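Text of target.cif, listed as mmCIF, C-alpha atoms and all ligand atoms:
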data_query
#
loop_
_atom_site.label_atom_id
_atom_site.label_comp_id
_atom_site.auth_asym_id
_atom_site.auth_seq_id
_atom_site.Cartn_x
_atom_site.Cartn_y
_atom_site.Cartn_z
CA MET A 1127 -6.43 -16.17 2.95
CA SER A 1128 -8.45 -18.62 5.03
CA GLY A 1129 -8.93 -19.02 8.75
CA PHE A 1130 -6.92 -17.32 11.44
CA LEU A 1131 -3.34 -16.42 10.57
CA SER A 1132 -0.56 -16.24 13.09
CA THR A 1133 1.31 -12.96 13.09
CA GLU A 1134 4.53 -15.00 13.23
CA ASP A 1135 3.71 -17.53 10.53
CA LEU A 1136 2.32 -15.94 7.38
CA PRO A 1137 2.08 -17.88 4.11
CA GLU A 1138 4.94 -17.18 1.72
CA ASP A 1139 3.15 -14.84 -0.72
CA TYR A 1140 2.10 -12.53 2.12
CA ARG A 1141 5.62 -12.66 3.60
CA ASP A 1142 7.11 -11.74 0.21
CA LEU A 1143 4.72 -8.81 -0.20
CA LYS A 1144 5.45 -7.59 3.33
CA ALA A 1145 9.23 -7.76 2.68
CA THR A 1146 8.96 -5.97 -0.68
CA VAL A 1147 6.88 -3.12 0.77
CA ALA A 1148 9.15 -2.91 3.83
CA ASP A 1149 12.13 -2.49 1.52
CA PHE A 1150 10.31 0.19 -0.51
CA ALA A 1151 9.30 1.98 2.70
CA GLN A 1152 12.90 2.12 3.93
CA SER A 1153 14.60 2.89 0.63
CA VAL A 1154 12.10 5.19 -1.12
CA VAL A 1155 9.58 6.54 1.41
CA ALA A 1156 11.70 7.14 4.52
CA PRO A 1157 14.38 9.33 2.87
CA VAL A 1158 11.82 11.94 1.66
CA ALA A 1159 9.17 11.68 4.39
CA ALA A 1160 10.49 14.41 6.69
CA GLN A 1161 10.91 16.87 3.79
CA HIS A 1162 7.35 16.38 2.50
CA ASP A 1163 6.08 16.70 6.06
CA ARG A 1164 7.98 19.94 6.59
CA ASP A 1165 6.97 21.42 3.20
CA HIS A 1166 3.39 20.08 3.31
CA THR A 1167 3.86 18.67 -0.21
CA PHE A 1168 2.08 15.71 -1.75
CA PRO A 1169 4.63 12.93 -2.48
CA TYR A 1170 3.87 12.39 -6.18
CA GLU A 1171 7.12 10.49 -6.77
CA VAL A 1172 6.36 8.07 -3.93
CA VAL A 1173 2.81 7.59 -5.22
CA LYS A 1174 4.27 6.81 -8.65
CA GLY A 1175 6.58 4.25 -7.03
CA MET A 1176 3.66 2.61 -5.21
CA ALA A 1177 1.70 2.60 -8.49
CA ASP A 1178 4.59 0.91 -10.31
CA MET A 1179 4.62 -1.79 -7.62
CA GLY A 1180 0.91 -2.40 -8.12
CA LEU A 1181 -0.05 -1.38 -4.58
CA PHE A 1182 -3.14 0.59 -5.71
CA GLY A 1183 -4.47 -2.57 -7.36
CA LEU A 1184 -3.71 -5.04 -4.56
CA PRO A 1185 -7.23 -6.20 -3.63
CA PHE A 1186 -8.83 -5.87 -7.08
CA PRO A 1187 -9.34 -8.48 -9.86
CA GLU A 1188 -6.86 -8.54 -12.71
CA GLU A 1189 -9.64 -7.86 -15.26
CA TYR A 1190 -9.84 -4.31 -13.86
CA GLY A 1191 -6.08 -3.84 -13.77
CA GLY A 1192 -5.74 -5.13 -10.20
CA MET A 1193 -3.21 -7.55 -8.71
CA GLY A 1194 -5.80 -10.20 -7.86
CA GLY A 1195 -4.86 -10.13 -4.18
CA ASP A 1196 -7.10 -9.55 -1.19
CA TYR A 1197 -7.85 -6.97 1.49
CA PHE A 1198 -5.41 -8.59 3.92
CA ALA A 1199 -2.59 -8.01 1.42
CA LEU A 1200 -3.53 -4.31 1.38
CA CYS A 1201 -3.42 -4.30 5.19
CA LEU A 1202 0.08 -5.82 5.24
CA ALA A 1203 1.30 -3.13 2.83
CA LEU A 1204 -0.30 -0.40 4.95
CA GLU A 1205 1.38 -1.72 8.09
CA GLU A 1206 4.82 -1.54 6.47
CA LEU A 1207 4.24 1.96 5.06
CA GLY A 1208 2.74 3.14 8.36
CA LYS A 1209 5.98 2.30 10.16
CA VAL A 1210 7.82 5.10 8.38
CA ASP A 1211 5.23 7.55 6.98
CA GLN A 1212 1.57 7.84 7.88
CA SER A 1213 0.87 10.41 5.13
CA VAL A 1214 1.93 7.95 2.44
CA ALA A 1215 0.07 5.09 4.12
CA ILE A 1216 -3.19 7.05 4.39
CA THR A 1217 -2.85 8.17 0.77
CA LEU A 1218 -2.83 4.50 -0.28
CA GLU A 1219 -5.52 3.50 2.23
CA ALA A 1220 -7.92 6.25 1.16
CA ALA A 1221 -7.27 5.68 -2.56
CA VAL A 1222 -7.90 1.93 -2.40
CA SER A 1223 -10.33 1.43 0.44
CA LEU A 1224 -12.38 4.62 0.07
CA GLY A 1225 -11.73 5.73 -3.52
CA ALA A 1226 -11.78 2.60 -5.68
CA MET A 1227 -13.49 0.04 -3.41
CA PRO A 1228 -17.01 1.61 -3.53
CA ILE A 1229 -16.91 1.38 -7.33
CA HIS A 1230 -15.67 -2.21 -7.19
CA ARG A 1231 -18.29 -3.23 -4.61
CA PHE A 1232 -21.33 -1.31 -5.88
CA GLY A 1233 -20.59 -0.12 -9.43
CA THR A 1234 -22.21 -1.25 -12.65
CA GLU A 1235 -20.04 -3.07 -15.18
CA GLU A 1236 -19.80 0.18 -17.20
CA GLN A 1237 -18.68 2.15 -14.13
CA LYS A 1238 -16.07 -0.47 -13.29
CA GLN A 1239 -14.73 -0.50 -16.85
CA GLU A 1240 -14.63 3.28 -16.96
CA TRP A 1241 -12.99 4.01 -13.60
CA LEU A 1242 -11.24 1.01 -12.07
CA PRO A 1243 -8.29 0.60 -14.47
CA ARG A 1244 -7.20 4.20 -13.79
CA LEU A 1245 -7.64 3.83 -10.04
CA THR A 1246 -6.11 0.37 -9.65
CA SER A 1247 -3.05 1.43 -11.66
CA GLY A 1248 -2.50 4.41 -9.35
CA GLN A 1249 -2.56 6.71 -12.38
CA SER A 1250 -5.57 8.48 -10.80
CA LEU A 1251 -6.99 8.77 -7.30
CA GLY A 1252 -10.60 8.58 -6.16
CA ALA A 1253 -11.95 10.22 -3.00
CA PHE A 1254 -14.80 9.46 -0.59
CA GLY A 1255 -17.11 12.40 0.12
CA LEU A 1256 -19.21 11.61 3.16
CA THR A 1257 -18.31 14.07 5.95
CA GLU A 1258 -19.93 17.52 5.92
CA PRO A 1259 -19.40 20.62 8.06
CA GLY A 1260 -22.45 19.63 10.14
CA ALA A 1261 -22.35 15.83 9.75
CA GLY A 1262 -19.34 13.69 10.73
CA SER A 1263 -20.01 10.91 13.25
CA ASP A 1264 -23.69 11.50 12.55
CA ALA A 1265 -23.25 11.04 8.79
CA GLY A 1266 -27.00 10.41 8.45
CA GLY A 1267 -27.29 14.19 8.96
CA THR A 1268 -26.05 14.71 5.39
CA THR A 1269 -27.58 17.84 3.85
CA THR A 1270 -25.97 17.80 0.39
CA THR A 1271 -28.75 17.18 -2.12
CA ALA A 1272 -28.97 15.59 -5.56
CA VAL A 1273 -32.10 16.13 -7.66
CA LEU A 1274 -32.84 14.50 -11.00
CA ASP A 1275 -33.39 16.95 -13.85
CA ASP A 1276 -33.49 15.84 -17.49
CA ASP A 1277 -31.57 12.64 -16.80
CA GLU A 1278 -28.91 14.50 -14.86
CA TRP A 1279 -28.26 14.70 -11.13
CA VAL A 1280 -27.99 18.30 -9.94
CA ILE A 1281 -25.88 18.38 -6.79
CA ASN A 1282 -25.70 21.19 -4.22
CA GLY A 1283 -23.91 21.20 -0.88
CA ALA A 1284 -20.53 20.92 0.79
CA LYS A 1285 -18.16 18.23 2.07
CA GLN A 1286 -15.27 18.60 4.45
CA PHE A 1287 -11.97 16.92 5.38
CA ILE A 1288 -11.88 14.85 2.16
CA THR A 1289 -8.63 12.89 1.63
CA ASN A 1290 -7.05 12.77 -1.86
CA SER A 1291 -9.66 15.20 -3.19
CA GLY A 1292 -7.40 17.94 -4.54
CA THR A 1293 -4.28 16.34 -6.01
CA ASP A 1294 -3.22 16.81 -9.64
CA ILE A 1295 -4.20 13.18 -10.24
CA THR A 1296 -7.58 13.15 -8.45
CA ALA A 1297 -10.14 11.86 -10.95
CA LEU A 1298 -13.35 11.67 -8.94
CA VAL A 1299 -15.14 12.05 -5.64
CA THR A 1300 -17.98 9.72 -4.71
CA VAL A 1301 -20.47 12.01 -2.99
CA ALA A 1302 -23.15 11.04 -0.48
CA ALA A 1303 -26.27 13.14 -1.11
CA VAL A 1304 -29.93 13.20 -0.11
CA THR A 1305 -31.99 12.10 -3.12
CA GLY A 1306 -35.43 11.99 -1.51
CA THR A 1307 -37.41 10.67 1.45
CA ASP A 1308 -38.90 7.23 2.04
CA THR A 1309 -42.56 6.53 2.85
CA ALA A 1310 -41.83 7.07 6.56
CA GLY A 1311 -40.39 10.51 5.77
CA ARG A 1312 -36.76 9.45 6.41
CA LYS A 1313 -33.96 10.87 4.25
CA GLN A 1314 -32.84 8.64 1.40
CA ILE A 1315 -29.12 8.98 0.87
CA SER A 1316 -27.49 7.89 -2.39
CA THR A 1317 -23.94 7.99 -3.66
CA ILE A 1318 -23.00 9.65 -6.93
CA ILE A 1319 -19.70 9.71 -8.83
CA VAL A 1320 -18.57 13.27 -9.53
CA PRO A 1321 -15.58 13.59 -11.90
CA SER A 1322 -13.12 16.21 -10.68
CA ASP A 1323 -13.42 18.46 -13.72
CA THR A 1324 -17.22 18.88 -13.44
CA PRO A 1325 -18.29 22.57 -13.56
CA GLY A 1326 -19.56 23.85 -10.20
CA PHE A 1327 -17.38 21.41 -8.25
CA GLU A 1328 -14.87 23.48 -6.25
CA VAL A 1329 -11.94 22.21 -4.21
CA GLY A 1330 -11.16 24.56 -1.31
CA PRO A 1331 -7.67 25.35 0.01
CA ALA A 1332 -5.76 22.55 1.77
CA TYR A 1333 -6.24 22.42 5.55
CA ASP A 1334 -3.50 23.47 7.96
CA LYS A 1335 -3.37 20.21 9.97
CA VAL A 1336 -1.61 19.00 13.14
CA GLY A 1337 -0.17 16.05 11.20
CA TRP A 1338 -0.53 13.99 8.01
CA ASN A 1339 1.04 17.03 6.38
CA ALA A 1340 1.93 15.23 3.15
CA SER A 1341 -1.57 13.81 2.80
CA ASP A 1342 -4.02 15.80 0.66
CA THR A 1343 -7.16 17.01 2.52
CA HIS A 1344 -9.66 19.65 1.33
CA PRO A 1345 -13.16 21.02 1.81
CA LEU A 1346 -15.36 20.67 -1.28
CA SER A 1347 -18.36 22.61 -2.53
CA PHE A 1348 -20.99 21.71 -5.11
CA THR A 1349 -23.03 24.42 -6.82
CA ASP A 1350 -25.53 23.12 -9.39
CA VAL A 1351 -23.07 20.37 -10.30
CA ARG A 1352 -24.57 18.28 -13.12
CA VAL A 1353 -23.56 14.68 -13.77
CA PRO A 1354 -25.35 12.01 -15.87
CA ARG A 1355 -28.02 9.87 -14.22
CA GLU A 1356 -25.78 6.82 -14.81
CA ASN A 1357 -23.26 8.21 -12.26
CA LEU A 1358 -25.47 6.95 -9.44
CA LEU A 1359 -23.32 4.39 -7.59
CA GLY A 1360 -25.33 1.44 -6.28
CA GLN A 1361 -29.07 1.50 -5.74
CA GLU A 1362 -30.84 4.80 -5.16
CA GLY A 1363 -31.38 5.28 -1.41
CA ARG A 1364 -28.76 2.61 -0.48
CA GLY A 1365 -25.80 5.01 -0.44
CA TYR A 1366 -25.61 5.43 3.32
CA ALA A 1367 -25.73 1.68 3.97
CA ASN A 1368 -23.15 1.07 1.24
CA PHE A 1369 -20.78 3.68 2.68
CA LEU A 1370 -21.14 2.13 6.14
CA ARG A 1371 -20.06 -1.23 4.68
CA ILE A 1372 -17.03 0.51 3.12
CA LEU A 1373 -16.20 2.06 6.50
CA ASP A 1374 -16.43 -1.33 8.25
CA GLU A 1375 -13.72 -2.67 5.96
CA GLY A 1376 -11.78 0.57 6.11
CA ARG A 1377 -11.48 0.23 9.88
CA ILE A 1378 -9.38 -2.92 9.42
CA ALA A 1379 -7.11 -1.04 7.04
CA ILE A 1380 -6.76 1.90 9.47
CA ALA A 1381 -5.98 -0.61 12.23
CA ALA A 1382 -3.18 -2.06 10.05
CA LEU A 1383 -1.78 1.40 9.41
CA ALA A 1384 -1.92 2.13 13.17
CA VAL A 1385 -0.13 -1.14 13.98
CA GLY A 1386 2.63 0.00 11.63
CA VAL A 1387 2.99 3.17 13.68
CA ALA A 1388 2.92 1.28 16.98
CA GLN A 1389 5.59 -1.15 15.73
CA GLY A 1390 7.62 1.60 14.08
CA CYS A 1391 7.85 3.37 17.45
CA VAL A 1392 9.04 0.15 19.11
CA ASP A 1393 11.74 -0.35 16.46
CA GLU A 1394 12.97 3.23 16.84
CA CYS A 1395 13.04 2.95 20.63
CA VAL A 1396 14.92 -0.36 20.73
CA ARG A 1397 17.62 1.15 18.52
CA TYR A 1398 17.77 4.42 20.48
CA ALA A 1399 17.74 2.79 23.92
CA LYS A 1400 20.88 0.83 22.99
CA GLU A 1401 22.69 3.83 21.46
CA ARG A 1402 21.89 6.59 23.93
CA SER A 1403 23.82 6.61 27.20
CA ALA A 1404 23.11 8.44 30.45
CA PHE A 1405 24.73 7.97 33.85
CA GLY A 1406 27.41 5.81 32.21
CA LYS A 1407 25.18 3.16 30.65
CA PRO A 1408 22.71 2.76 27.75
CA ILE A 1409 19.30 4.14 28.76
CA GLY A 1410 17.80 0.73 27.83
CA ALA A 1411 19.68 -0.82 30.75
CA ASN A 1412 17.25 0.99 33.05
CA GLN A 1413 14.34 -1.28 33.78
CA SER A 1414 11.82 1.56 33.50
CA ILE A 1415 12.91 2.26 29.90
CA ALA A 1416 13.06 -1.46 29.01
CA PHE A 1417 9.59 -2.01 30.51
CA THR A 1418 8.20 0.99 28.65
CA ILE A 1419 9.43 -0.48 25.36
CA ALA A 1420 8.25 -3.98 26.31
CA ARG A 1421 4.78 -2.58 26.98
CA MET A 1422 4.87 -0.79 23.62
CA GLN A 1423 5.70 -4.11 21.92
CA ALA A 1424 2.82 -5.81 23.73
CA ARG A 1425 0.40 -3.13 22.49
CA ALA A 1426 1.61 -3.48 18.90
CA TYR A 1427 1.34 -7.27 19.01
CA ALA A 1428 -2.15 -7.31 20.54
CA ALA A 1429 -3.39 -4.74 18.02
CA ARG A 1430 -1.88 -6.71 15.12
CA THR A 1431 -3.59 -9.87 16.32
CA ALA A 1432 -6.89 -7.96 16.41
CA TYR A 1433 -6.64 -6.72 12.83
CA TYR A 1434 -5.49 -10.13 11.50
CA ASP A 1435 -8.55 -11.70 13.13
CA ALA A 1436 -10.95 -9.07 11.74
CA ALA A 1437 -9.45 -9.46 8.26
CA ALA A 1438 -9.69 -13.27 8.43
CA LEU A 1439 -13.38 -13.05 9.36
CA MET A 1440 -14.09 -10.55 6.61
CA LEU A 1441 -12.38 -12.60 3.91
CA SER A 1442 -14.13 -15.79 4.94
CA GLY A 1443 -17.48 -14.04 4.56
CA LYS A 1444 -18.35 -14.10 8.27
CA PRO A 1445 -19.66 -11.14 10.28
CA PHE A 1446 -16.70 -8.90 11.16
CA LYS A 1447 -18.20 -5.53 12.18
CA ARG A 1448 -17.52 -5.87 15.91
CA GLN A 1449 -13.98 -7.17 15.36
CA ALA A 1450 -13.23 -4.37 12.87
CA SER A 1451 -14.32 -1.75 15.40
CA ILE A 1452 -12.28 -3.40 18.16
CA ALA A 1453 -9.21 -3.60 15.91
CA LYS A 1454 -9.55 0.04 14.86
CA MET A 1455 -9.97 1.21 18.44
CA VAL A 1456 -7.17 -0.80 20.06
CA ALA A 1457 -4.74 -0.20 17.19
CA SER A 1458 -5.28 3.57 17.08
CA GLU A 1459 -4.89 3.73 20.86
CA ALA A 1460 -1.73 1.60 20.63
CA ALA A 1461 -0.34 3.98 17.99
CA MET A 1462 -1.13 7.05 20.09
CA ASP A 1463 0.25 5.49 23.31
CA ASN A 1464 3.40 4.20 21.60
CA ALA A 1465 4.03 7.55 19.91
CA ARG A 1466 3.75 9.30 23.29
CA ASP A 1467 5.96 6.75 25.08
CA GLY A 1468 8.38 6.61 22.15
CA THR A 1469 8.83 10.37 22.29
CA GLN A 1470 9.50 10.13 26.04
CA VAL A 1471 12.15 7.44 25.49
CA HIS A 1472 13.89 9.82 23.05
CA GLY A 1473 13.96 12.66 25.62
CA GLY A 1474 14.54 16.14 24.13
CA TYR A 1475 15.49 14.62 20.77
CA GLY A 1476 12.00 13.14 20.61
CA PHE A 1477 10.63 16.70 20.49
CA MET A 1478 12.70 17.49 17.39
CA ASN A 1479 10.91 17.10 14.07
CA GLU A 1480 13.85 15.25 12.51
CA TYR A 1481 13.09 12.22 14.71
CA LEU A 1482 10.50 9.78 13.39
CA VAL A 1483 8.85 9.38 16.79
CA SER A 1484 8.02 13.11 16.84
CA ARG A 1485 6.29 12.88 13.45
CA HIS A 1486 4.40 9.81 14.64
CA TYR A 1487 3.42 11.80 17.75
CA ARG A 1488 1.82 14.54 15.62
CA ASP A 1489 0.39 12.14 13.04
CA SER A 1490 -1.18 9.57 15.36
CA LYS A 1491 -4.01 11.56 16.96
CA ILE A 1492 -6.12 11.48 13.81
CA LEU A 1493 -6.10 7.66 13.92
CA GLU A 1494 -8.49 7.89 16.90
CA ILE A 1495 -10.78 10.21 14.88
CA GLY A 1496 -10.87 9.35 11.15
CA GLU A 1497 -13.15 6.60 9.73
CA GLY A 1498 -15.14 6.65 12.97
CA THR A 1499 -13.96 8.12 16.28
CA THR A 1500 -13.16 5.90 19.27
CA GLU A 1501 -16.58 6.84 20.67
CA VAL A 1502 -18.25 5.68 17.46
CA GLN A 1503 -16.37 2.35 17.69
CA LEU A 1504 -17.59 1.96 21.28
CA MET A 1505 -21.16 2.71 20.14
CA LEU A 1506 -20.89 0.02 17.45
CA ILE A 1507 -19.36 -2.58 19.80
CA ALA A 1508 -21.97 -1.86 22.48
CA ARG A 1509 -24.78 -2.09 19.91
CA ASP A 1510 -23.40 -5.41 18.70
CA LEU A 1511 -23.50 -6.65 22.32
CA GLY A 1512 -27.18 -5.76 22.40
CA LEU A 1513 -26.70 -2.70 24.60
C1 LIG B 1601 -7.30 14.43 8.11
C2 LIG B 1601 -8.71 13.94 7.94
C3 LIG B 1601 -9.04 13.19 6.82
C4 LIG B 1601 -10.37 12.77 6.64
N1 LIG B 1601 -10.72 12.13 5.46
C5 LIG B 1601 -12.05 11.92 5.20
C6 LIG B 1601 -12.46 11.42 3.91
O1 LIG B 1601 -11.63 11.12 3.03
N2 LIG B 1601 -13.79 11.30 3.67
C7 LIG B 1601 -14.74 11.62 4.60
O2 LIG B 1601 -15.93 11.50 4.30
N3 LIG B 1601 -14.38 12.07 5.84
C8 LIG B 1601 -13.07 12.24 6.15
N4 LIG B 1601 -12.68 12.73 7.38
C9 LIG B 1601 -13.71 13.04 8.36
C10 LIG B 1601 -13.70 12.13 9.61
O3 LIG B 1601 -14.16 10.85 9.27
C11 LIG B 1601 -14.56 12.84 10.69
O4 LIG B 1601 -13.81 13.97 11.12
C12 LIG B 1601 -14.88 11.93 11.84
O5 LIG B 1601 -15.76 10.91 11.45
C13 LIG B 1601 -15.52 12.71 13.01
O6 LIG B 1601 -16.54 13.56 12.59
P1 LIG B 1601 -16.54 15.10 13.07
O7 LIG B 1601 -15.19 15.65 12.78
O8 LIG B 1601 -17.70 15.77 12.46
O9 LIG B 1601 -16.70 15.04 14.63
P2 LIG B 1601 -18.12 14.98 15.45
O10 LIG B 1601 -19.00 13.94 14.85
O11 LIG B 1601 -18.66 16.36 15.56
O12 LIG B 1601 -17.60 14.49 16.87
C14 LIG B 1601 -17.05 15.36 17.86
C15 LIG B 1601 -16.83 14.54 19.14
O13 LIG B 1601 -18.09 14.08 19.64
C16 LIG B 1601 -18.07 12.68 19.77
N5 LIG B 1601 -19.41 12.16 19.53
C17 LIG B 1601 -20.23 12.41 18.48
N6 LIG B 1601 -21.39 11.75 18.63
C18 LIG B 1601 -21.30 11.05 19.79
C19 LIG B 1601 -22.18 10.17 20.49
N7 LIG B 1601 -23.39 9.86 20.01
N8 LIG B 1601 -21.76 9.64 21.66
C20 LIG B 1601 -20.53 9.94 22.16
N9 LIG B 1601 -19.66 10.77 21.53
C21 LIG B 1601 -20.04 11.32 20.37
C22 LIG B 1601 -17.05 12.20 18.75
O14 LIG B 1601 -16.56 10.91 19.07
C23 LIG B 1601 -15.99 13.28 18.88
O15 LIG B 1601 -15.18 13.03 20.00
C24 LIG B 1601 -11.35 13.09 7.61
C25 LIG B 1601 -10.98 13.82 8.76
C26 LIG B 1601 -9.69 14.26 8.91
C27 LIG B 1601 -9.37 15.10 10.12
#

Encoded form using structure tokens:
Amino acid sequence: MSGFLSTEDLPEDYRDLKATVADFAQSVVAPVAAQHDRDHTFPYEVVKGMADMGLFGLPFPEEYGGMGGDYFALCLALEELGKVDQSVAITLEAAVSLGAMPIHRFGTEEQKQEWLPRLTSGQSLGAFGLTEPGAGSDAGGTTTTAVLDDDEWVINGAKQFITNSGTDITALVTVAAVTGTDTAGRKQISTIIVPSDTPGFEVGPAYDKVGWNASDTHPLSFTDVRVPRENLLGQEGRGYANFLRILDEGRIAIAALAVGVAQGCVDECVRYAKERSAFGKPIGANQSIAFTIARMQARAYAARTAYYDAAALMLSGKPFKRQASIAKMVASEAAMDNARDGTQVHGGYGFMNEYLVSRHYRDSKILEIGEGTTEVQLMLIARDLGL
């Protein structure tokens, strides 16, 4: 991908990918989404289908089992999946952008050879362990510690709200931990790969969430967890900075997922507004309903333009932090606003769980919170403006 891409005029390979994932989303994901949401079950069969299509390997080189594509290709796939099922979309986003990407970006050749083929094939999932009970937005407040003892890291502490951390196919969690202090007395945070079967590593019970019910989220605890010294990911003391880089990219992916939701709500509403009649005419013939849906389309389009721009900057090696934060913020707000308006357009039916807009309504709130809250995005944008 090079330069700015029009949302209406994608090159053929991106269009083909988008169409293939859209077809998969409609034919495989949509039919089981409501059931997994209701039962709070992880959609292993859908994950297997995404693995078979190569979606977990989209932005990784072929030598590590990837598809040789780029981050924008991942975003296009997330947008299509997000239209019909946010749980499935976030499972892919977290596995690729948060699970495998830190190893690809910062791993040694040995670490890449050991872990990437499993992760890029979708046979296993990796998780990203940054947030703690007392440190979310302020992730620098990490208190989990890792101390070297006999060429092993000994890890103690707790993580919370960690996506993909407790599935049957979870292979590892990359954990942010304090490994010392610098000469100025500031905490040095490093990242360490912890395989899921390591003694002392406990996965707590799944959370009872408002939405994303088919996505896997757990608290984690580490009690004298020992892993080899070579499991350090990236330079010692650079873990916090490295995770922030991963989150910058991840914001573009979350924006893409959110645009899927915003557009999915538009598509549902256009269909419903033509079908549903009141006072002797389709509800869409009322200007207030038509304008509501038109505004929803405008939000989805503007948010899509924002994430395309951020992705184009990132892939051309230019600074993209501000644009990623803007895209994440406007897209998550568009998703939330469109889910609320979409539910209103559906009237009482919109409050019934069998309607997609109702699931989007429950699922969307987290988009304004995860991978940096709206307030954190505003802090980053303001800082970038020199304020
Ligand atoms: C379903 C789910 C999945 C998640 N998956 C992962 C994962 O895989 N890995 C991971 O590491 N984390 C994960 N998270 C954690 C998520 O990233 C954090 O919840 C998020 O960053 C917010 O942190 P917090 O919950 O501690 O809120 P807090 O940081 O306590 O924030 C509370 C409120 O205060 C506001 N606030 C905080 N500081 C300021 C400030 N300086 N100025 C203005 N407002 C401020 C926030 O914006 C927010 O509104 C997940 C969370 C959820 C709910």

May I ask you to write as a ChimeraX atom specification all residues lying at most 6 Å from ligand LIG 1601 (chain B), with only C-alpha atoms and all ligand atoms counted?
/A:1254-1257,1261-1264,1287-1289,1495-1499,1501-1502

Nearest residue to Pro1157 (chain A) out of A:Gly1363, A:Pro1169, A:Gly1337, A:Gly1248, using only C-alpha atoms?
A:Pro1169

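Candidate residues A:Ala1226, A:Ala1177, A:Ile1216, A:Val1387 were compared for distance to Ser1341 (chain A), and the nearest is A:Ile1216, using only C-alpha atoms.
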
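Closest approach to Ala1461 (chain A) among A:Lys1447, A:Arg1402, A:Arg1425, A:His1230 is made by A:Arg1425 (distances from only C-alpha atoms).
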
Would you give me, as CSV, each residue of region 1377-1396 of chain A having an atom within 12 Å of an atom of region 1132-1148 of chain A, along with its shortest atom pair and that distance in Å to one decimal, using all atoms listed in the file and sorting by chain and residue number?
residue,atom,partner,partner_atom,distance
A:Val1385,CA,A:Thr1133,CA,11.9
A:Gly1386,CA,A:Ala1148,CA,10.6
A:Gly1390,CA,A:Ala1148,CA,11.3

Taking into account all atoms listed in the file, which residue in the set A:Thr1307, A:Ile1492, A:Asp1510, A:Val1172 is nearest to Val1336 (chain A)?
A:Ile1492

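Our summary of the geometry notes that CA of Thr1300 (chain A) is positioned 16.1 Å from CA of Asp1350 (chain A).
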
If you count all atoms listed in the file, which residues fall within 9 Å of Met1422 (chain A), apart from same-chain ones fewer than 3 positions away, as a ChimeraX atom specification?
/A:1388-1389,1391-1392,1417-1419,1425-1427,1460,1463-1464,1467-1468

Counting all atoms listed in the file, which residues come within 8 Å of (-2.3, 15.1, 13.1), with the point read in the file's coordinates, and could you list them as an mmCIF file with C-alpha atoms, in the frame of the given file?
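part_20.cif, freshly written:
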data_model
loop_
_atom_site.group_PDB
_atom_site.id
_atom_site.type_symbol
_atom_site.label_atom_id
_atom_site.label_comp_id
_atom_site.auth_asym_id
_atom_site.auth_seq_id
_atom_site.Cartn_x
_atom_site.Cartn_y
_atom_site.Cartn_z
ATOM 1 C CA LYS A 1335 -3.370 20.210 9.970
ATOM 2 C CA VAL A 1336 -1.610 19.000 13.140
ATOM 3 C CA GLY A 1337 -0.170 16.050 11.200
ATOM 4 C CA TRP A 1338 -0.530 13.990 8.010
ATOM 5 C CA ASN A 1339 1.040 17.030 6.380
ATOM 6 C CA ARG A 1488 1.820 14.540 15.620
ATOM 7 C CA ASP A 1489 0.390 12.140 13.040
ATOM 8 C CA SER A 1490 -1.180 9.570 15.360
ATOM 9 C CA LYS A 1491 -4.010 11.560 16.960
ATOM 10 C CA ILE A 1492 -6.120 11.480 13.810
#

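Here CA of Phe1348 (chain A) stands at a distance of 5.7 Å from CA of Gly1326 (chain A).
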
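Here CA of Glu1278 (chain A) is placed at a distance of 9.5 Å from CA of Val1351 (chain A).
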
Counting all atoms listed in the file, the residue of A:Asp1149, A:Asp1276, A:Asp1211, A:Glu1240 that sits nearest Asp1163 (chain A):
A:Asp1211

Grab all the atoms of region 1160-1168 of chain A that the file lists, wrap them in a box along x, y and z, add 4 Å per side, and give me centre plus edge lengths in Å (one decimal) as JSON.
{"center_x": 6.5, "center_y": 17.9, "center_z": 2.5, "size_x": 16.8, "size_y": 15.0, "size_z": 16.4}

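Considering only C-alpha atoms, the residue among A:Gln1413, A:Asn1479, A:His1162, A:Glu1375 positioned nearest to Ala1437 (chain A) is A:Glu1375.
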
Quick one: everything within 10 Å of Tyr1398 (chain A), counting only C-alpha atoms, minus sequence neighbours fewer than 5 positions away in the same chain. Send it as a VMD selection string.
chain A and resid 1392 to 1393 1403 1408 to 1410 1468 1471 to 1472
